[in-house]
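Source file: coords31.txt; contents: compact mmCIF, C-alpha atoms.
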# COMPACT_ATOMS: atom_id res chain seq x y z
CA MET A 211 96.29 -63.76 291.97
CA GLU A 212 95.26 -60.73 289.95
CA ASN A 213 95.21 -56.97 290.52
CA GLY A 214 98.57 -56.89 292.30
CA GLN A 215 97.48 -58.94 295.32
CA LYS A 216 99.80 -61.46 296.96
CA GLY A 217 98.58 -64.66 298.53
CA ASN A 218 98.74 -63.15 302.04
CA GLY A 219 96.35 -60.31 301.14
CA SER A 220 98.94 -57.53 301.00
CA VAL A 221 99.21 -55.36 297.94
CA ARG A 222 102.45 -55.35 295.97
CA PRO A 223 103.53 -52.43 293.80
CA ILE A 224 102.23 -52.66 290.29
CA GLU A 225 105.11 -52.95 287.86
CA ARG A 226 103.50 -50.60 285.38
CA TYR A 227 103.58 -47.81 287.93
CA ASP A 228 106.18 -45.24 286.85
CA VAL A 229 107.91 -44.09 290.05
CA GLY A 230 110.31 -41.99 287.97
CA HIS A 231 107.41 -39.89 286.73
CA VAL A 232 106.16 -39.27 290.28
CA GLN A 233 109.65 -38.30 291.42
CA GLU A 234 109.94 -35.86 288.52
CA VAL A 235 106.63 -34.22 289.49
CA ILE A 236 107.83 -33.99 293.11
CA ARG A 237 111.17 -32.52 291.99
CA GLN A 238 109.40 -29.87 289.92
CA ALA A 239 106.96 -29.06 292.73
CA HIS A 240 109.88 -28.79 295.16
CA GLY A 241 111.65 -26.35 292.84
CA GLU A 242 108.53 -24.25 292.43
CA LEU A 243 107.95 -24.21 296.21
CA ARG A 244 111.53 -23.03 296.84
CA GLN A 245 111.12 -20.33 294.18
CA LEU A 246 107.81 -19.13 295.67
CA LEU A 247 109.28 -19.03 299.19
CA GLN A 248 112.21 -16.97 297.89
CA GLN A 249 109.79 -14.60 296.15
CA ARG A 250 107.78 -14.27 299.38
CA SER A 251 110.95 -13.43 301.28
CA GLU A 252 111.92 -10.77 298.73
CA ILE A 253 108.39 -9.32 298.77
CA MET A 254 108.36 -9.16 302.58
CA LYS A 255 111.70 -7.33 302.54
CA ARG A 256 110.37 -4.89 299.96
CA ILE A 257 107.18 -4.33 301.97
CA GLY A 258 109.36 -3.55 304.99
CA THR A 259 111.42 -1.06 303.00
CA VAL A 260 108.33 0.72 301.67
CA LYS A 261 106.72 0.82 305.13
CA GLN A 262 109.90 2.27 306.62
CA THR A 263 110.03 4.91 303.88
CA ILE A 264 106.42 5.92 304.45
CA SER A 265 106.87 5.95 308.24
CA GLY A 266 110.02 8.03 307.90
CA LEU A 267 108.23 10.57 305.72
CA ALA A 268 105.32 10.69 308.18
CA ASN A 269 107.83 11.26 311.02
CA LEU A 270 109.32 14.20 309.09
CA PHE A 271 106.11 15.79 307.79
CA GLY A 272 103.48 14.52 310.24
CA ASP A 273 100.80 11.86 309.99
CA ALA A 274 98.56 14.36 308.15
CA VAL A 275 100.37 13.45 304.90
CA LEU A 276 98.96 9.91 305.15
CA THR A 277 95.46 8.77 304.25
CA GLU A 278 93.46 6.71 306.74
CA GLU A 279 94.06 3.57 304.67
CA LEU A 280 97.79 4.22 304.46
CA MET A 281 98.00 4.82 308.21
CA GLU A 282 96.46 1.40 308.76
CA LEU A 283 98.78 -0.24 306.23
CA VAL A 284 101.90 1.11 307.95
CA ASP A 285 100.56 0.39 311.46
CA ARG A 286 100.34 4.06 312.49
CA LYS A 287 96.60 4.27 313.08
CA SER A 288 95.41 3.69 316.60
CA SER A 289 92.41 1.42 316.39
CA GLY A 290 91.79 1.63 320.14
CA ARG A 291 93.02 -1.89 320.74
CA GLN A 292 96.52 -3.23 321.14
CA PRO A 293 98.05 -4.73 318.01
CA GLY A 294 98.73 -8.44 317.89
CA PHE A 295 101.92 -9.63 319.55
CA THR A 296 103.65 -10.53 316.28
CA LYS A 297 102.55 -7.30 314.66
CA ALA A 298 103.81 -5.34 317.67
CA CYS A 299 107.21 -7.10 317.58
CA ARG A 300 107.40 -6.39 313.87
CA MET A 301 106.57 -2.71 314.43
CA ILE A 302 109.12 -2.33 317.26
CA LEU A 303 111.88 -3.93 315.24
CA MET A 304 111.00 -1.95 312.12
CA GLN A 305 110.99 1.40 313.89
CA ALA A 306 114.09 0.73 315.99
CA GLY A 307 116.48 1.19 313.09
CA ARG A 308 119.06 -0.93 314.91
CA PRO A 309 119.47 -4.53 316.06
CA MET A 310 117.49 -5.33 319.20
CA ASN A 311 117.71 -8.31 321.50
CA ALA A 312 114.71 -9.99 323.11
CA ARG A 313 115.33 -8.12 326.39
CA ASP A 314 115.22 -4.75 324.56
CA ILE A 315 111.88 -5.66 323.03
CA CYS A 316 110.47 -6.94 326.33
CA ASP A 317 111.55 -3.67 327.99
CA TYR A 318 109.81 -1.70 325.25
CA PHE A 319 106.64 -3.74 325.73
CA GLN A 320 106.85 -3.17 329.51
CA GLN A 321 107.08 0.59 329.01
CA GLN A 322 104.69 1.07 326.09
CA MET A 323 102.32 -1.93 325.96
CA PRO A 324 102.34 -3.69 329.34
CA VAL A 325 98.87 -5.13 328.80
CA LEU A 326 100.04 -6.98 325.69
CA LEU A 327 103.10 -8.32 327.50
CA ALA A 328 101.05 -9.41 330.53
CA ARG A 329 99.18 -11.96 328.38
CA HIS A 330 102.34 -14.06 328.06
CA LYS A 331 103.52 -16.51 330.71
CA ASP A 332 107.16 -16.25 329.56
CA PRO A 333 107.53 -12.97 327.64
CA MET A 334 111.20 -13.52 326.72
CA ALA A 335 110.38 -16.89 325.17
CA SER A 336 107.38 -15.43 323.33
CA VAL A 337 109.42 -12.54 321.93
CA THR A 338 112.27 -14.87 320.90
CA THR A 339 109.81 -17.19 319.16
CA VAL A 340 108.24 -14.31 317.24
CA LEU A 341 111.63 -12.89 316.25
CA ASN A 342 112.81 -16.27 314.98
CA ARG A 343 109.57 -16.59 313.03
CA LEU A 344 110.18 -13.17 311.46
CA VAL A 345 113.59 -14.48 310.38
CA GLU A 346 111.88 -17.48 308.74
CA TYR A 347 109.51 -15.09 306.95
CA GLY A 348 112.51 -13.14 305.64
CA GLU A 349 111.41 -9.99 307.49
CA ALA A 350 114.19 -9.95 310.09
CA GLN A 351 117.74 -11.16 310.37
CA ALA A 352 119.51 -12.61 313.40
CA VAL A 353 122.77 -10.76 314.01
CA LEU A 354 125.44 -10.38 316.65
CA SER A 355 125.23 -7.09 318.51
CA ASN A 356 127.71 -6.48 321.31
CA GLY A 357 128.55 -10.18 321.26
CA ARG A 358 124.92 -11.23 321.82
CA ARG A 359 122.14 -12.47 319.59
CA ALA A 360 119.90 -9.70 318.34
CA TRP A 361 117.54 -9.17 315.45
CA ARG A 362 117.25 -6.38 312.93
CA TRP A 363 114.52 -5.53 310.47
CA VAL A 364 115.49 -6.44 306.93
CA ALA A 365 114.69 -3.52 304.72
CA GLU A 366 117.71 -3.52 302.47
CA PRO A 367 120.67 -5.85 302.96
CA ALA A 368 123.20 -4.40 305.40
CA VAL A 369 126.84 -5.29 305.73
CA ASP A 370 127.53 -3.84 309.18
CA ALA A 371 126.54 -6.78 311.41
CA PRO A 372 127.43 -10.44 310.78
CA ALA A 373 124.35 -12.55 310.05
CA ILE A 374 123.59 -15.71 311.96
CA SER A 375 122.10 -18.49 309.90
CA SER A 376 121.35 -20.92 312.73
CA GLN A 377 121.81 -21.64 316.41
CA ALA A 378 124.99 -23.52 315.55
CA GLY A 379 126.20 -20.45 313.69
CA LEU A 380 125.41 -18.32 316.73
CA GLU A 381 127.41 -20.61 319.00
CA ALA A 382 130.33 -20.64 316.57
CA ASN A 383 130.27 -16.83 316.39
CA LEU A 384 130.15 -16.51 320.18
CA SER A 385 133.15 -18.83 320.72
Can you turn what I pasted into structure tokens?
Amino acid sequence: MENGQKGNGSVRPIERYDVGHVQEVIRQAHGELRQLLQQRSEIMKRIGTVKQTISGLANLFGDAVLTEELMELVDRKSSGRQPGFTKACRMILMQAGRPMNARDICDYFQQQMPVLLARHKDPMASVTTVLNRLVEYGEAQAVLSNGRRAWRWVAEPAVDAPAISSQAGLEANLS
């Protein structure tokens, strides 16, 4: 039999095939992917810091110091429609300046954006999912606040609240 075929019709690996080379390419690609994800996380943190700085200055001196484009970039311009749910969670957490739990954010939605909250069958679950996703993006950090899980916006690394790296870490910290 030629061309790597066995008598039963199945194909056997060709001996000339260099698996080591493929594994080296995968190893390099894996390293590059990890590096890019780390860079994305650092960039998202920096974007958050710059947005907070701009928002803080606009709070002090008024929105008139911002251009139309800048108001849109820092989520201060009212476009007449409610922002997306993730964007709204991001904005709430960013402007809070303190750790918030999912209940705090749901309460804020109920008071300020009830229409946006009404679209969700289980608002607490939706908020928790978005907050955990923001952690994955490197934009937020899960922390313990008053013995409960909360999230804070990651602008610059803080040392005041212990970080939670996983659900297991949360349970260990609560015990």
(request) Could you jot down the atom CA of A:Val353 to atom CA of A:Arg300 separation for me, Å, one decimal place? (result)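 Result for atom CA of A:Val353 versus atom CA of A:Arg300: 16.0 Å, one decimal.
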(message) Nearest residue to A:Val364 out of A:Asn311, A:Gln305, A:Gln321, A:Thr338, using only C-alpha atoms?
(response) A:Gln305
(request) Rounded to one decimal place, report the atom CA of A:Glu278-atom CA of A:Ile264 distance in Å. (result)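 One can read the atom CA of A:Glu278 to atom CA of A:Ile264 distance as 13.2 Å.
Among the candidates A:Val337, A:Arg244, A:Trp363, A:Gln249, the residue lying nearest to A:Lys261 is A:Trp363 (atoms considered: all atoms listed in the file).
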(request) Could you please determine the separation between atom CA of A:Gln322 and atom CA of A:Ala350 in Å, to one decimal place? (result)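 Taking atom CA of A:Gln322 and atom CA of A:Ala350, their separation equals 21.6 Å.
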(request) Find the residue from A:Leu327, A:Leu283, A:Asp228, A:Thr339 that sits nearest to A:Gln262; use all atoms listed in the file when measuring. (result) A:Leu283
(message) Which polymer residues, whether protein, DNA or RNA, lie within 10 Å of the coordinate (112.5, -6.3, 310.3) when you count all atoms listed in the file? List them as a ChimeraX atom specification, using the chain letters and numbers from the file.
(response) /A:254-255,258-259,262,299-309,341,344-345,347-352,361-366
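Remark: for A:Val325, the closest of the candidate residues A:Phe295, A:Arg237, A:Asn342, A:Val232 is A:Phe295 (distances computed over all atoms listed in the file).
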